[in-house]
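**Student:** One structure is given below, represented as C-alpha cells, and several questions about it will come after.
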Protein chains: 6
Amino acid sequence: MDEDIRSDRPTCRIDAESFSHYREKLPGVVESILESCDDVECHTHTHIDYEPIPSRESVINIINKLREILFPGYFNNEKLDPVNLRYSMGQSVSVLFDMLSEQVCHSIRHDCFRYNQSCTHCVEKGNEIALSLLESVPAIRKILATDINAAYDGDPAAKSHDEIVFSYPGVFAIMVYRIAHKLFEAEVPLLPRIMTEYAHSITGIDIHPGAEIGESFVIDHGTGVVIGETAEIGNNVRIYQGVTLGALSIPKDAGEQLRGKKRHPTIEDEVIIYAGATILGGDTIIGRRSVIGGNVWITESVPPDTRVLMEPPRLIYK
Amino acid sequence: MDEDIRSDRPTCRIDAESFSHYREKLPGVVESILESCDDVECHTHTHIDYEPIPSRESVINIINKLREILFPGYFNNEKLDPVNLRYSMGQSVSVLFDMLSEQVCHSIRHDCFRYNQSCTHCVEKGNEIALSLLESVPAIRKILATDINAAYDGDPAAKSHDEIVFSYPGVFAIMVYRIAHKLFEAEVPLLPRIMTEYAHSITGIDIHPGAEIGESFVIDHGTGVVIGETAEIGNNVRIYQGVTLGALSIPKDAGEQLRGKKRHPTIEDEVIIYAGATILGGDTIIGRRSVIGGNVWITESVPPDTRVLMEPPRLIYK
Amino acid sequence: MDEDIRSDRPTCRIDAESFSHYREKLPGVVESILESCDDVECHTHTHIDYEPIPSRESVINIINKLREILFPGYFNNEKLDPVNLRYSMGQSVSVLFDMLSEQVCHSIRHDCFRYNQSCTHCVEKGNEIALSLLESVPAIRKILATDINAAYDGDPAAKSHDEIVFSYPGVFAIMVYRIAHKLFEAEVPLLPRIMTEYAHSITGIDIHPGAEIGESFVIDHGTGVVIGETAEIGNNVRIYQGVTLGALSIPKDAGEQLRGKKRHPTIEDEVIIYAGATILGGDTIIGRRSVIGGNVWITESVPPDTRVLMEPPRLIYK
Amino acid sequence: MDEDIRSDRPTCRIDAESFSHYREKLPGVVESILESCDDVECHTHTHIDYEPIPSRESVINIINKLREILFPGYFNNEKLDPVNLRYSMGQSVSVLFDMLSEQVCHSIRHDCFRYNQSCTHCVEKGNEIALSLLESVPAIRKILATDINAAYDGDPAAKSHDEIVFSYPGVFAIMVYRIAHKLFEAEVPLLPRIMTEYAHSITGIDIHPGAEIGESFVIDHGTGVVIGETAEIGNNVRIYQGVTLGALSIPKDAGEQLRGKKRHPTIEDEVIIYAGATILGGDTIIGRRSVIGGNVWITESVPPDTRVLMEPPRLIYK
Amino acid sequence: MDEDIRSDRPTCRIDAESFSHYREKLPGVVESILESCDDVECHTHTHIDYEPIPSRESVINIINKLREILFPGYFNNEKLDPVNLRYSMGQSVSVLFDMLSEQVCHSIRHDCFRYNQSCTHCVEKGNEIALSLLESVPAIRKILATDINAAYDGDPAAKSHDEIVFSYPGVFAIMVYRIAHKLFEAEVPLLPRIMTEYAHSITGIDIHPGAEIGESFVIDHGTGVVIGETAEIGNNVRIYQGVTLGALSIPKDAGEQLRGKKRHPTIEDEVIIYAGATILGGDTIIGRRSVIGGNVWITESVPPDTRVLMEPPRLIYK
Amino acid sequence: MDEDIRSDRPTCRIDAESFSHYREKLPGVVESILESCDDVECHTHTHIDYEPIPSRESVINIINKLREILFPGYFNNEKLDPVNLRYSMGQSVSVLFDMLSEQVCHSIRHDCFRYNQSCTHCVEKGNEIALSLLESVPAIRKILATDINAAYDGDPAAKSHDEIVFSYPGVFAIMVYRIAHKLFEAEVPLLPRIMTEYAHSITGIDIHPGAEIGESFVIDHGTGVVIGETAEIGNNVRIYQGVTLGALSIPKDAGEQLRGKKRHPTIEDEVIIYAGATILGGDTIIGRRSVIGGNVWITESVPPDTRVLMEPPRLIYK
C-alpha cells in the first residue's frame with residue numbers, strides 16, 4: 001500500500017451540470033419503457049392489472065416453511081423442544097394455511113383472467129387446496145423417511161441421517177417435488193412449477209411436478225438430473241448426477257402438438273441409473289431391478305433384471 | 001422423547017479460565033492474518049485501499065431491479081396497476097440510474113488503479129453508460145419477447161407464458177446475458193462477468209457476456225450449459241442441458257496467448273442442439289437449420305440442413 | 001388493459017362461514033403432524049430436544065464471514081482501508097471465533113446424543129477447533145493465491161485476477177472445500193458437509209470435504225463436477241465442467257460395507273481433465289502430466305505423460 | 001480488569017433436569033392465560049376474531065409516509081430531485097391510498113362488529129376517505145406553512161426554517177393533529193386518536209383530534225401541553241410547554257354524562273399563553289390578542305386585549 | 001428550481017491526500033478512548049468483561065411481547081383468531097420464558113460480579129422468576145381490566161375501550177409498572193427500572209417499580225407524572241398530568257442516607273388528584289375519597305372526604 | 001366468541017369497478033401535490049434539489065453509535081470483552097468518522113445553498129469537525145462520570161451506577177447535550193438541534209445545544225425541563241422535573257430582534273432547583289449554593305446561599 005503513489009493519482013469528478021445533463025434524460029427513458037408495456041408483442045411478459053398475481057417470493061417462503069414442519073427441529077429458527085413443539089407446529093400450520101390459500105387463489109384467479117374465463121370459487125378453492133396439502137403432511141413425512149433411509153443405506157460417504165437431512169440436495173429436490181406434485185394433481189396453475197424450478201436453482205436437479213415417483217427414491221449428487229413431466233418412477237429407484245429421463249427429439253412447434261401426451265420413460269422398481277445416462281421416449285420402459293450404466297443412451301425398453309452397459313469407446317493413448 | 005434418559009446425559013461446560021485461554025489467543029491470530037494481507041503473494045485477492053471497489057451485492061440488486069422493469073408486474077414487491085405504473089417505473093429507473101452509475105464508475109476507477117493508469121472521466125462514464133443501458137430496456141424487452149415465445153412454442157410442458165417468465169431458468173440466464181452483454185460492449189470491467197456468473201450460480205447456465213446471441217433463443221432445462229466468450233449464435237436457436245460451446249484444448253499458459261482471439265464456435269439460425277452435445281473451436285460453424293444430436297462431440301464445421309447423430313455405442317445387456 | 005372488460009369479470013369471494021369451515025380443521029391437521037413426530041419411522045428427520053442442533057443458516061454465515069477475511073476488501077459490507085483494516089479484521093476474527101465455537105460444539109454434542117455416547121469437553125473442543133481453524137487462515141490464503149494464479153494463467157477469458165476472485169465459481173467451491181477439509185480432519189461431524197453442500201448449491205461443484213487436494217487447483221465452469229470423499233488430487237491439476245472423480249458401481253447396501261474405504265481415484269500433479277470425463281475407482285491413478293480428453297470414461301490407471309482421448313463415435317450426417 | 005479475580009468467581013449453571021422442571025410448567029401457564037381470554041371481565045382488552053382490527057404499527061407508518069409528502073425532501077429515504085420528484089410522489093400517494101383505505105376500512109368494520117351493527121360499505125368508505133385525505137394534502141401543506149413561519153418569526157433560538165421542520169416537536173404534533181382531525185371529521189373510529197397519541201408519545205404534546213385549530217399555530221417546547229376534544233383555537237395563537245386547555249372537574253361517571261358536550265375552552269385569534277397556564281371549561285373564552293401569563297389558572301372568560309398575570313406568591317428567602 | 005443558478009454554485013471536494021490526513025489520525029483517537037476505558041474515574045460507565053450484562057434492547061422486546069399476551073389481538077403482528085390463539089399464545093409464552101430467564105439471570109449475575117459476591121443459582125433463579133412472572137399474567141390481565149374500565153367510565157373523550165387499549169399512555173405506563181413491580185418484588189436488579197424508564201420515555205409518566213398501586217387506577221394525559229419508589233396508592237384512584245407523588249427536599253448525600261426509607265406519600269382509595277398537584281413526604285396520607293385540586297402543593301396529611309383547593313392567586317388584568 | 005352470531009354478520013365488499021373509480025383519481029391528487037411543491041408559500045418545507053440534505057435518521061444513528069463508545073459495554077449489540085475491545089472500538093470510531101463527516105458536510109453545504117453563499121471546503125470541514133468531536137470523547141466520558149456520580153449520590157432510589165447508565169433519562173439528555181454542544185461551538189448548522197430535539201422526544205428534557213453547562217450536572221425525572229439557548233449552569237447543579245430556565249415574555253417578532261442575545265438565566269455552582277420552578281431572563285443570576293423551591297417563579301437574581309420558597313397559597317378544605 002504505497003500512500004505516496006496513491007495520493008498522486010488523478011481523481012475524476014463530474015460537475016453538477018454534467019450530472020443533471022444525464023439525469024434529466026430519465027423521464028424520456030421512463031416513457032419509452034412505458035410504451036413498451038403497451039406493446040402487444042411484449043404482453044407475454046407484462047402484467048399490469050388490479051388483480052393480484054402469484055408472488056415467487058411467497059412461494060419460496062412457503063417451501064421453506066413447509067421444510068420446517070416436514071423436518072421438525074432441523075431448519076427452525078428457534079429450538080423445538082417437547083414443550084413448545086405443539087405451539088410452534090400450530091403456528092406454522094396456521095401461517096402456512098393463510099400463505100397457501102392466498103397464493104393458490106391468486107394463481108387460479110390469474111389464470112381465469114389470462115384466458116378470460118368466468119372465475120368462480122377461487123377463494124374457496126384456495127382454502128380447500130391449502131387444507132388438503134397440509135393434511136397430506138404426515139403422509140409426505142412418511143415417504144420422505146423412505147427416501148432418507150434409502151439414501152443412507154446406499155451411500156458410504158453419508159456419516160449420519162442428520163447429514164442427509166441437513167445437506168443432501170437430492171433430499172431437498174425430492175421434498176419440493178413431493179409438495180409440488182400434490183398441487184399439480186389439484187390442477188393449481190403456476191405454483192407447482194415455480195416450486196420445482198426453485199429446487200432446480202438450488203440443487204441443479206430439475207424434476208417436473210407432473211412426474212410420478214414412488215417411495216425410497218434416491219438422487220445422488222444430482223447436478224444436471226432432468227425428470228420430465230410424464231416420467232413414471234417406481235419404488236427403490238436410485239439415480240446419479242446428469243441422468244436425463246426425457247422426451248425424444250422435439251419438433252419446432254412441439255408445444256402445441258404434444259402438450260399432455262406421455263413423452264417420458266417409465267422406470268420400474270429397484271432400478272439403478274448411473275451418472276450421465278439418458279433415457280428418452282414415452283414408450284420406453286426400464287424393467288425392474290435393471291441397472292443402467294453411466295453415460296448410456298437408451299431410446300427403447302429394457303427388460304427386467306438386465307444390466308445395460310455401454311461398450312466403452314476405444315481410448316487412444318498418446 | 002424419554003426425559004429420564006435425557007437428564008442423565010453428562011453435560012460438559014467449559015470454565016471461564018479455559019475460555020479466556022482460547023480467546024486471548026485471538027489478537028495473535030489477527031496479527032498473522034494482517035501480515036498475510038501485506039504478503040505480496042496474496043495481493044491477487046487483497047484489496048485494502050481508500051478507493052471503493054465494485055460491490056457484488058449491489059450488482060445482484062441491480063439485476064433484480066432490472067428484472068422488475070423488464071418483466072413489469074411479475075417480480076415487483078408491490079402490485080403494478082394502471083394507476084401506479086408510471087410512478088413505480090419512474091422510481092425504479094431513477095434508482096437504477098444511481099446504482100448503475102455508481103457501480104460502473106467504481107469498476108472503471110478500480111481498473112485504472114490496478115493498472116496504474118491515469119483515470120479520467122470515470123464518474124461521467126458511469127452516468128453515460130448507466131443511461132445508455134436504461135435506454136436499451138425497450139429493445140431488450142422486445143428481444144426477450146421473442147425468447148419467451150420461442151420457449152413456449154417448443155416446450156409441451158409449458159402451461160403458459162407466465163410459467164415461463166416466473167420459473168424458466170433459461171429465460172433468467174438469457175435476460176442476464178442480454179444486460180451483461182451491453183456492459184461488455186461498453187467495455188465496463190468486472191460487472192458483466194459478475195452478472196453472468198450470478199446467473200450461472202442460480203441456473204447452472206454459464207454464458208460469457210462476450211458471446212453474440214440472436215433473437216428467439218431458447219435454453220431448455222439448462223444445467224451445465226457453457227457458452228464461451230467468442231461464441232456466435234444466430235436467430236431461432238434452441239439448446240438443451242449440458243451443451244458446451246467451447247474452445248479446443250487449452251495449453252497451460254493459454255491465458256496470455258489466446259486472450260481476445262476467436263476460440264468458440266458459430267451457430268447459425270434455426271439450429272437445434274440436444275442435451276450433452278459438445279461443439280468446440282473458433283473455426284467450427286454449424287450451418288443453418290442443422291440439428292445436433294444428444295452427446296455428439298463436434299470439432300469441425302457442419303453444413304446447413306444437416307442432422308448429426310452419434311452412432312450409438314453398442315450396449316451390452318447382461 | 002381494457003378496463004371495461006375487466007370490471008365485468010365476476011369476482012369470487014368466500015363468505016365468513018365457509019372460511020371458518022376450513023380454518024377450524026387446522027387443529028386436527030396439527031395433531032396428525034404431531035403424531036407423525038412421535039412416529040418411530042420418521043425419527044430419521046425429527047429433532048425435538050432440549051439440546052441445540054447445528055444451524056445451517058449459521059454455517060452459511062460462517063462461510064460468508066470467512067470469505068471476507070480470506071479475500072479482504074472484496075466482499076466486506078464496508079470499505080477496508082489502511083486505517084480500519086486491523087479493527088475490521090479483529091472484529092471479524094472475534095465474531096468468527098464465537099460463531100465457530102458454538103456450531104462446532106453443537107455438532108459434537110448432537111452427535112454424542114444421537115449415539116448415546118458420554119459427551120465430554122464439547123465446549124472446550126469447540127473453542128479449540130475454532131481457534132485452530134482461524135490460525136490456519138494465513139495458510140489457506142497462501143494456497144488460495146496459487147489457485148487464483150493458476151486460474152488466471154490458464155483462462156483466456158479471464159480479464160483480471162479481480163474478475164476471478166469476484167465471480168469464478170471454481171474459486172468459491174475450492175475456498176469452501178479448503179475450510180471444510182480442516183474441520184473434516186478435526187473430525188467435526190455435520191459441519192464440513194453442510195459447508196461443501198452449500199458451495200455445491202451455489203456452484204454446481206460437489207467436492208466432498210474428505211478429498212485431499214493440492215495447490216494451484218483449477219475448476220473451470222464447474223457445473224456438474226463431483227469429487228468423492230477418498231479422491232486424492234496433486235498440485236497444478238486443472239479440471240473442467242462435468243468431471244466426475246467417483247466410485248465404481250455401488251451395491252444396494254454399499255453404505256455399511258464401504259464406509260471409510262478408499263473408493264475414489266488418485267490424480268497426480270499437473271494433470272488436465274477435460275469436460276465430462278469420468279474417472280472411477282479407488283485403485284485408479286492418473287499419472288503426472290497426463291491429459292484426459294472430454295467425455296472419456298476411465299476405470300483403470302493411466303501412466304504418467306499420457307494423453308487419453310476417446311476414439312470419437314462415428315457421426316451420422318443426414 | 002483483573003483476570004485472576006474474575007476466573008476465580010464461582011459460576012453457576014443449571015442442570016438439564018432443573019431446566020426442564022421449569023419449562024414443563026409452561027403449558028399450564030398457557031392454559032391459564034387462555035382461560036383469561038375467555039373471561040368476560042377481560043373482554044375490554046381481548047380481541048380474538050376472524051375480522052381484522054386496525055394495526056397501530058400501520059397507522060404509525062401512515063403518519064411517517066404522510067410526513068414525507070407533507071415536507072418533501074426532508075424525511076425521504078432517498079434524495080428528491082427535480083427528476084424523480086413526480087415518480088416518488090406518485091408512488092407515495094399510491095401506497096398511502098392502499099394503506100389508508102385498509103386501515104380506515106378495518107376501523108369502521110371493527111366498530112360495527114363491536115356494537116353489532118349491520119356493517120355496510122366499509123371497503124368503499126375506506127377508499128373514499130383515503131382519497132379525500134390525500135386530496136387535502138395541498139391544503140394541509142399550506143396551513144403548515146403558516147405554522148412554520150409563525151414558529152420562525154417568534155423564536156429567537158430558531159436558526160432557520162429547516163431547523164424547525166427537522167426538529168421542532170410542536171410542528172410534528174400540529175402536523176399529526178391536522179391529519180387526524182380530517183379523519184375525526186369523517187367519523188373514522190380509533191385511527192385519529194391512535195395518531196395523536198403517537199404524536200403525544202414522541203413530543204409530550206397531547207392534542208385531541210376533535211379540537212378545532214386555526215392557522216399560524218405555534219407550540220413552543222411543548223412537553224406537557226394538553227388540548228381537549230372540544231377546545232377551539234383561532235389564528236395566530238402561540239402556546240408554551242405545560243399549557244392545559246382542559247375540562248372543569250370531572251365526576252366519576254363523567255364518561256357517559258358528558259360525552260359529546262363542549263367541555264374545553266375557546267381561544268380567539270392572536271392569543272399568547274405562557275408556560276404552565278391552565279384554562280378550563282367549555283364556556284371559558286380567551287378574547288383576541290389577550291396574553292395569559294405563566295402558571296395562571298383560569299376558569300372564566302377573559303375579554304379581548306387583556307393581559308392576565310398571576311400576582312406572584314410571596315417568595316420566602318432564608 | 002433554477003437549474004442555471006444551481007450549476008454555477010461552486011462545489012467543494014476534498015482531495016485524497018487531505019482525506020487520508022484526517023483518517024490516519026483515527027488510530028490515535030481510538031487509543032485515547034481505550035485509555036479512558038481503563039481510567040478508574042470512568043468505571044461508573046464502562047463494562048468490559050467476559051460476563052454478559054442485561055440488554056436494554058431485549059428488555060424492551062420483552063415488554064412489547066408481554067403487551068401482546070396481556071392485550072391479545074391488539075398488538076400482534078398476525079391476526080389472532082379462535083383457531084390459532086392457543087398456538088400463538090403458546091409460542092409467545094415459550095419465547096418469553098427464554099427471554100426473561102436470560103435477562104433475569106444476566107442481571108443477577110452482573111450484580112454479583114459488581115459487588116464481588118459469590119454468585120449462586122443465577123440460572124435457576126432466572127428460570128424461577130421468569131416462570132413466576134408468566135404465571136401472574138392472568139392476574140395482571142384482571143387488574144388491567146379494572147384500570148381500563150375506570151379510564152373509560154371517567155373520560156368523556158374516550159370513544160370505546162379499544163381506543164383506550166390502543167392509544168392511552170396511562171394504560172401503557174400502568175401495564176409496564178405492573179410487570180416491573182413483580183420483578184421488583186422478586187428483587188431482580190436493573191430490569192424493573194429499565195422497564196419503567198422505557199415506559200417513561202414513551203409516555204412521560206415516571207412510575208418507580210417499587211411503588212404499591214391498587215386496582216382501577218387511572219392516569220389521564222399523564223405527561224410529567226412522577227410516582228416515587230415508596231408511594232402507596234389504593235383502589236379507584238385517578239390522577240392527571242403533571243402530578244408528583246414525591247419526596248421532601250433532599251440533601252446532597254441523600255442517596256446513602258435515605259435508600260430504602262419510606263419517603264413518598266400514601267394515597268387512599270377513591271382519591272382524585274388534578275393536574276399539576278404535588279404531594280410530598282413519606283408521612284403524608286391523603287384520606288379516602290378526598291379530591292386534590294389542580295396545582296395544589298401538599299406536604300401534610302389530608303383527612304378522608306376532604307376537597308383541597310388552592311385559593312387561587314389573584315390575577316392581574318391589564 | 002359465538003361463531004353462529006359472527007357468521008351471520010353482513011360483510012361488505014367493494015366491486016372492482018368502484019375500486020378503480022377511486023384509484024384512478026390518484027394521478028390528479030399527485031399533480032395537485034406537485035403544484036404545491038412549486039408553491040412559493042410552501043418553500044419553507046420543500047427541499048427538491050440535486051444537493052443532499054442532512055438525514056435525521058443518520059443523526060439518530062450517530063447518537064446511538066456515540067452512546068456505545070461513551071458507555072462501552074452497556075449498549076453494544078455484541079459483548080465487549082478485553083479481547084475484542086480495541087477492534088470493536090476501532091470499528092465504531094472509523095464508522096462514526098465517516099457518518100459524522102458526511103452529515104456535517106451535508107449540513108454546511110445545505111446552509112450555503114439556502115443562503116446562496118459561495119460554499120467552500122465543506123468536505124474538508126466535515127472531516128475536520130468529525131475528527132475533533134471524536135477526539136473529545138475521552139473528555140466527554142470524564143465529565144459524564146461526574147454527572148453519573150452526582151446522580152447516584154443524590155438519589156435514594158438509585159440502586160447502582162448501572163441503573164443510572166441504563167435507564168436515567170437525565171443522563172441520556174445530558175450526554176446528547178454534551179455532544180451537540182461541541183457541534184454548536186463548531187458552528188455546524190442543523191445537526192446540534194436535531195440531536196437535542198431527539199433527546200427531547202425520548203426524555204421530555206429540552207436542552208438547547210447552545211447552553212453552557214458545568215460538570216456533575218443532575219436532572220432527576222426530567223419530564224418538562226426546558227433549558228434555553230443562552231442559559232449558563234455551573235458545577236454540581238441539580239434540577240428536577242418541570243424546571244424552566246427560560247426567556248422573559250417574548251414579543252411576536254422576537255425571532256429577528258433577539259436572535260443571539262443573552263435571554264436565559266445563569267445558575268451558579270451547587271444550586272438545587274426543585275420541580276416546576278421557573279427562572280426567567282438573561283440578567284437573572286441564581287447565586288452559588290442557593291436552593292430554589294418547587295413551583296417557584298423567579299425573574300430576578302437571587303444571592304448566594306439563599307433558600308427561596310414560595311409562600312404556599314392558602315388551601316381550602318371543604
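Identifiers in the C-alpha cells: chain A, B, ... in order shown; residue index from 1 per chain; ligand index from 1 in order shown.
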Hey, list the chain B side of the contact with chain F: 10 Å cut-off, only C-alpha atoms, answer as a list of chain:residue names.
**Tutor:**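 The contacting residues on chain B are B:Ser20, B:Arg23, B:Glu24, B:Lys25, B:Leu26, B:Pro27, B:Asp81, B:Pro82, B:Val83, B:Asn84, B:Arg86, B:Tyr87.
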**Student:** Taking 5 positions as the minimum chain separation for residues in the same chain, which residues sit within 9 Å of F:His45 when counting only C-alpha atoms? Answer as a list of chain:residue names.
**Tutor:**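 Surrounding residues, per the criterion: D:Leu70, D:Phe71, D:Pro72, D:Gly73, D:Tyr74, D:Arg141, D:Leu144, D:Ala145, D:Ile148, D:His161, D:Asp162, D:Val165, F:Cys37.
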**Student:** From the DSSP assignment of the backbone, select every residue of stretch 19-142 of chain A that is alpha helix (DSSP H), and format the answer as a VMD selection string.
**Tutor:** chain A and resid 19 to 23 26 to 38 56 to 70 85 to 114 122 to 135 137 to 142
**Student:** List as an MDAnalysis selection string the protein and nucleic acid residues near stretch 151-155 of chain E, meaning an atom at most 12 Å away when only C-alpha atoms are counted, but skip any in the same chain fewer than 6 places from it.
**Tutor:** (chainID D and resid 44 228:229 247 249:260 263) or (chainID E and resid 144:145 161:165 167:171 174 215:221 236:240 272)
**Student:** Do you have the atom CA of E:Tyr274-atom CA of E:Tyr198 distance handy?
**Tutor:**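 Computing the Euclidean distance for atom CA of E:Tyr274 and atom CA of E:Tyr198 yields 24.7 Å.
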**Student:** I'd like the contact shell of F:Thr244 - 7 Å cut-off, only C-alpha atoms, skipping same-chain residues fewer than 5 positions apart - returned as a ChimeraX atom specification.
**Tutor:** /F:225-227,277-279
**Student:** For the selection just defined, write its residues with N, CA, C and O atoms to a file, as a PDB file, in the first residue's frame.
**Tutor:**
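That gives us part-v2.pdb:
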ATOM      1  N   VAL F 225     -38.518  19.581  31.578  1.00  0.00           N
ATOM      2  CA  VAL F 225     -37.405  20.523  31.779  1.00  0.00           C
ATOM      3  C   VAL F 225     -37.128  21.256  30.469  1.00  0.00           C
ATOM      4  O   VAL F 225     -37.112  20.644  29.399  1.00  0.00           O
ATOM      5  N   VAL F 226     -36.942  22.581  30.552  1.00  0.00           N
ATOM      6  CA  VAL F 226     -36.553  23.386  29.392  1.00  0.00           C
ATOM      7  C   VAL F 226     -35.356  24.241  29.777  1.00  0.00           C
ATOM      8  O   VAL F 226     -35.423  24.987  30.753  1.00  0.00           O
ATOM      9  N   ILE F 227     -34.251  24.118  29.038  1.00  0.00           N
ATOM     10  CA  ILE F 227     -33.057  24.928  29.297  1.00  0.00           C
ATOM     11  C   ILE F 227     -32.728  25.686  28.017  1.00  0.00           C
ATOM     12  O   ILE F 227     -32.396  25.085  26.994  1.00  0.00           O
ATOM     13  N   ALA F 277     -40.128  24.689  39.128  1.00  0.00           N
ATOM     14  CA  ALA F 277     -39.676  26.074  39.276  1.00  0.00           C
ATOM     15  C   ALA F 277     -39.399  26.685  37.914  1.00  0.00           C
ATOM     16  O   ALA F 277     -38.958  25.999  36.990  1.00  0.00           O
ATOM     17  N   THR F 278     -39.676  27.982  37.803  1.00  0.00           N
ATOM     18  CA  THR F 278     -39.476  28.693  36.546  1.00  0.00           C
ATOM     19  C   THR F 278     -38.546  29.866  36.806  1.00  0.00           C
ATOM     20  O   THR F 278     -38.827  30.710  37.657  1.00  0.00           O
ATOM     21  N   ILE F 279     -37.433  29.928  36.076  1.00  0.00           N
ATOM     22  CA  ILE F 279     -36.465  31.008  36.258  1.00  0.00           C
ATOM     23  C   ILE F 279     -36.250  31.638  34.899  1.00  0.00           C
ATOM     24  O   ILE F 279     -35.874  30.965  33.949  1.00  0.00           O
TER      25      ILE F 279
END
**Student:** Might you pull out every residue within 12 Å of C:Ser58, with only C-alpha atoms counted and same-chain residues fewer than 4 positions away left off, and present them as a ChimeraX atom specification?
**Tutor:** /A:75-77 /C:53-54,62-65,95-96,98-104,106,191,194-195,198
**Student:** Just to be explicit: take each residue in the selection above, keep N, CA and C atoms, and write the result as a PDB file, in the first residue's frame.
**Tutor:**
ATOM      1  N   PHE A  75     -34.607 -27.044  10.652  1.00  0.00           N
ATOM      2  CA  PHE A  75     -34.459 -25.770   9.939  1.00  0.00           C
ATOM      3  C   PHE A  75     -35.230 -24.635  10.614  1.00  0.00           C
ATOM      4  N   ASN A  76     -35.750 -24.894  11.816  1.00  0.00           N
ATOM      5  CA  ASN A  76     -36.471 -23.833  12.528  1.00  0.00           C
ATOM      6  C   ASN A  76     -35.502 -22.786  13.051  1.00  0.00           C
ATOM      7  N   ASN A  77     -35.947 -21.552  13.081  1.00  0.00           N
ATOM      8  CA  ASN A  77     -35.126 -20.502  13.668  1.00  0.00           C
ATOM      9  C   ASN A  77     -34.971 -20.694  15.166  1.00  0.00           C
TER      10      ASN A  77
ATOM     11  N   ILE C  53     -29.018 -28.036  18.140  1.00  0.00           N
ATOM     12  CA  ILE C  53     -28.550 -28.738  16.954  1.00  0.00           C
ATOM     13  C   ILE C  53     -27.807 -27.692  16.118  1.00  0.00           C
ATOM     14  N   PRO C  54     -26.852 -28.104  15.288  1.00  0.00           N
ATOM     15  CA  PRO C  54     -26.210 -27.076  14.459  1.00  0.00           C
ATOM     16  C   PRO C  54     -27.253 -26.368  13.590  1.00  0.00           C
ATOM     17  N   ILE C  62     -21.064 -18.317   8.619  1.00  0.00           N
ATOM     18  CA  ILE C  62     -19.633 -18.520   8.886  1.00  0.00           C
ATOM     19  C   ILE C  62     -18.847 -18.530   7.571  1.00  0.00           C
ATOM     20  N   ILE C  63     -19.350 -19.251   6.581  1.00  0.00           N
ATOM     21  CA  ILE C  63     -18.677 -19.286   5.273  1.00  0.00           C
ATOM     22  C   ILE C  63     -18.535 -17.871   4.705  1.00  0.00           C
ATOM     23  N   ASN C  64     -19.609 -17.110   4.759  1.00  0.00           N
ATOM     24  CA  ASN C  64     -19.559 -15.776   4.166  1.00  0.00           C
ATOM     25  C   ASN C  64     -18.637 -14.845   4.924  1.00  0.00           C
ATOM     26  N   LYS C  65     -18.612 -14.991   6.241  1.00  0.00           N
ATOM     27  CA  LYS C  65     -17.706 -14.179   7.064  1.00  0.00           C
ATOM     28  C   LYS C  65     -16.256 -14.596   6.810  1.00  0.00           C
ATOM     29  N   VAL C  95     -15.754 -12.344  16.116  1.00  0.00           N
ATOM     30  CA  VAL C  95     -17.105 -12.847  15.866  1.00  0.00           C
ATOM     31  C   VAL C  95     -17.046 -14.276  15.334  1.00  0.00           C
ATOM     32  N   LEU C  96     -16.103 -14.529  14.415  1.00  0.00           N
ATOM     33  CA  LEU C  96     -15.987 -15.879  13.861  1.00  0.00           C
ATOM     34  C   LEU C  96     -15.634 -16.898  14.933  1.00  0.00           C
ATOM     35  N   ASP C  98     -16.504 -16.909  18.019  1.00  0.00           N
ATOM     36  CA  ASP C  98     -17.721 -17.254  18.763  1.00  0.00           C
ATOM     37  C   ASP C  98     -18.676 -18.103  17.918  1.00  0.00           C
ATOM     38  N   MET C  99     -18.876 -17.706  16.662  1.00  0.00           N
ATOM     39  CA  MET C  99     -19.790 -18.462  15.814  1.00  0.00           C
ATOM     40  C   MET C  99     -19.294 -19.892  15.591  1.00  0.00           C
ATOM     41  N   LEU C 100     -18.010 -20.012  15.285  1.00  0.00           N
ATOM     42  CA  LEU C 100     -17.436 -21.334  15.029  1.00  0.00           C
ATOM     43  C   LEU C 100     -17.469 -22.195  16.288  1.00  0.00           C
ATOM     44  N   SER C 101     -17.066 -21.615  17.417  1.00  0.00           N
ATOM     45  CA  SER C 101     -17.065 -22.371  18.669  1.00  0.00           C
ATOM     46  C   SER C 101     -18.439 -22.954  18.936  1.00  0.00           C
ATOM     47  N   GLU C 102     -19.447 -22.127  18.751  1.00  0.00           N
ATOM     48  CA  GLU C 102     -20.806 -22.566  19.059  1.00  0.00           C
ATOM     49  C   GLU C 102     -21.248 -23.685  18.117  1.00  0.00           C
ATOM     50  N   GLN C 103     -21.016 -23.512  16.832  1.00  0.00           N
ATOM     51  CA  GLN C 103     -21.503 -24.520  15.890  1.00  0.00           C
ATOM     52  C   GLN C 103     -20.717 -25.835  16.012  1.00  0.00           C
ATOM     53  N   VAL C 104     -19.406 -25.731  16.212  1.00  0.00           N
ATOM     54  CA  VAL C 104     -18.627 -26.951  16.393  1.00  0.00           C
ATOM     55  C   VAL C 104     -19.101 -27.680  17.643  1.00  0.00           C
ATOM     56  N   HIS C 106     -22.048 -27.520  19.107  1.00  0.00           N
ATOM     57  CA  HIS C 106     -23.374 -28.098  18.877  1.00  0.00           C
ATOM     58  C   HIS C 106     -23.287 -29.373  18.053  1.00  0.00           C
ATOM     59  N   LEU C 191     -20.797 -30.344  10.112  1.00  0.00           N
ATOM     60  CA  LEU C 191     -20.449 -29.033   9.579  1.00  0.00           C
ATOM     61  C   LEU C 191     -19.730 -29.079   8.235  1.00  0.00           C
ATOM     62  N   ILE C 194     -22.201 -29.777   5.473  1.00  0.00           N
ATOM     63  CA  ILE C 194     -23.141 -28.659   5.256  1.00  0.00           C
ATOM     64  C   ILE C 194     -22.434 -27.567   4.447  1.00  0.00           C
ATOM     65  N   MET C 195     -21.157 -27.340   4.773  1.00  0.00           N
ATOM     66  CA  MET C 195     -20.394 -26.303   4.065  1.00  0.00           C
ATOM     67  C   MET C 195     -20.226 -26.624   2.580  1.00  0.00           C
ATOM     68  N   TYR C 198     -23.364 -26.489   0.662  1.00  0.00           N
ATOM     69  CA  TYR C 198     -23.759 -25.103   0.378  1.00  0.00           C
ATOM     70  C   TYR C 198     -23.033 -24.609  -0.880  1.00  0.00           C
TER      71      TYR C 198
END
**Student:** Env of D:Pro189: 9 Å cut, atoms = only C-alpha atoms, seq-sep filter 4 positions within chain, self excluded. Answer as a list in words.
**Tutor:**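 The filter keeps Val104, Ser107, Ile108, His110, Asp111, Leu183, Phe184 and Arg193 of chain D; Lys159, Ser160 and Glu163 of chain E.
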**Student:** Using only C-alpha atoms, determine which residues lie at most 7 Å from A:Arg289, disregarding the query and same-chain residues fewer than 5 positions distant; provide the list as a list in words.
**Tutor:**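 Skipping anything fewer than 5 positions along the chain leaves Asp269, Glu270, Val271, Pro304 and Asp305 of chain A.
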